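Chemist: Quick one: this structure, given as structure tokens, is what I'll be asking you about.
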Amino acid sequence: MFLVDMQFTDLEKITPELTDAHRAYLAAQYQNNQLMFGGRKVPRTGGILLSLHQDKAELVAMLAADPFMQSGAVSYSITEFVPVMAAPKYAEVLAIR
């Protein structure tokens with residue numbers, strides 16, 4: 001599992017149209033179960049994604065095709081982790097892998 005921390009690098013490029021394209025692109029990733037959760041940071045300096053990609057190279061390729069990334073408006077950092085504890089309501093996450 002991976003945590004993706006997105007940081008805006010050029011706020012002038014973050015237009016409503018680019019944001020719509022970014023969200024549409026990510027929606028397809030949620031539909032094929034590659035992404036688990038995502039959302040914007042507060043304050044709005046970027047966003048966070050929780051990824052179920054099997055390897056980092058696949059995730060990096062997916063991020064490279066994101067309209068935000070292609071526009072040069074964002075950068076990402078990626079942290080791989082293995083979930084080992086969860087609240088009972090989310091225990092099924094521990095079985096992923």
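Ordering of the structure tokens sets the chain letters (A, B, ...); residue numbers start at 1 within each chain; ligands are numbered from 1 in the order shown.
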Please return, as an NGL selection string, all residues of chain A that DSSP assigns to strand (DSSP E) on the basis of the backbone.
Modeler: :A and (2-8 or 35-40 or 46-51 or 74-80)
Chemist: Pick out the residues sitting within 12 Å of Arg40 (chain A), and hand them over as a list of chain:residue names; count only C-alpha atoms, and ignore anything fewer than 2 positions along from it in its own chain.
Modeler: A:Val4, A:Asp5, A:Met6, A:Gln7, A:Phe8, A:Thr19, A:Arg23, A:Phe37, A:Gly38, A:Val42, A:Pro43, A:Arg44, A:Thr45, A:Gly46, A:Gly47, A:Ile48, A:Leu49
Chemist: Write a file of the just-selected residues containing C-alpha atoms, as a PDB file, in the first residue's frame.
Modeler:
ATOM      1  CA  VAL A   4       0.863   9.677  -1.986  1.00  0.00           C
ATOM      2  CA  ASP A   5       1.396  13.219  -0.719  1.00  0.00           C
ATOM      3  CA  MET A   6       0.706  15.725  -3.497  1.00  0.00           C
ATOM      4  CA  GLN A   7       2.002  19.291  -3.164  1.00  0.00           C
ATOM      5  CA  PHE A   8       0.937  22.179  -5.393  1.00  0.00           C
ATOM      6  CA  THR A  19      -8.998  20.257 -11.549  1.00  0.00           C
ATOM      7  CA  ARG A  23     -10.614  14.353 -10.845  1.00  0.00           C
ATOM      8  CA  PHE A  37      -9.060   6.997  -0.794  1.00  0.00           C
ATOM      9  CA  GLY A  38      -8.124  10.527  -1.719  1.00  0.00           C
ATOM     10  CA  VAL A  42      -6.571  21.542   4.720  1.00  0.00           C
ATOM     11  CA  PRO A  43      -5.347  24.162   4.097  1.00  0.00           C
ATOM     12  CA  ARG A  44      -5.517  23.456   0.368  1.00  0.00           C
ATOM     13  CA  THR A  45      -1.830  22.997  -0.431  1.00  0.00           C
ATOM     14  CA  GLY A  46      -2.260  19.701  -2.279  1.00  0.00           C
ATOM     15  CA  GLY A  47      -3.864  16.335  -1.652  1.00  0.00           C
ATOM     16  CA  ILE A  48      -3.440  12.824  -0.307  1.00  0.00           C
ATOM     17  CA  LEU A  49      -4.064   9.501  -2.075  1.00  0.00           C
TER      18      LEU A  49
END
Chemist: So, counting only C-alpha atoms, which residue among A:Ala65, A:Leu26, A:Ala57, A:Ile96 is closest to Ile78 (chain A)?
Modeler: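 Among the listed residues, the smallest separation from Ile78 (chain A) belongs to A:Ala57.
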Chemist: Would you work out the distance separating CA of Ser77 (chain A) from CA of Glu58 (chain A), expressed in Å to one decimal?
Modeler: 14.5 Å
Chemist: For Ser71 (chain A), work out the shell of residues within 10 Å, counting only C-alpha atoms and skipping chain neighbours fewer than 2 positions away, then give it as a list of chain:residue names.
Modeler: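 Counting only C-alpha atoms, the residues come to A:Asp10, A:Lys13, A:Ile14, A:Leu18, A:Ala65, A:Asp66, A:Pro67, A:Phe68, A:Met69, A:Ala73, A:Val74.
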Chemist: Which residue, A:Ala27, A:Ala95, A:Leu11, A:Met36, has the smallest gap to Pro83 (chain A) when you use only C-alpha atoms?
Modeler: A:Ala95
Chemist: Which distance in Å separates CA of Phe81 (chain A) and CA of Met1 (chain A), to one decimal?
Modeler: 5.6 Å
Chemist: Quick one, how far is CA of Leu63 (chain A) from CA of Pro16 (chain A)?
Modeler: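 One can read the CA of Leu63 (chain A) to CA of Pro16 (chain A) distance as 19.3 Å.
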Chemist: Counting only C-alpha atoms, which residue out of A:Gln29, A:Lys41, A:Thr9, A:Ala87 sits closest to Ser75 (chain A)?
Modeler: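 Nearest candidate to Ser75 (chain A) out of A:Gln29, A:Lys41, A:Thr9, A:Ala87: A:Thr9.
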Chemist: Let me make sure I understand: among A:Val84, A:Ala21, A:Ala28, A:Val93, which one has the smallest atom-to-atom distance to Leu52 (chain A) if we use only C-alpha atoms?
Modeler: A:Val93
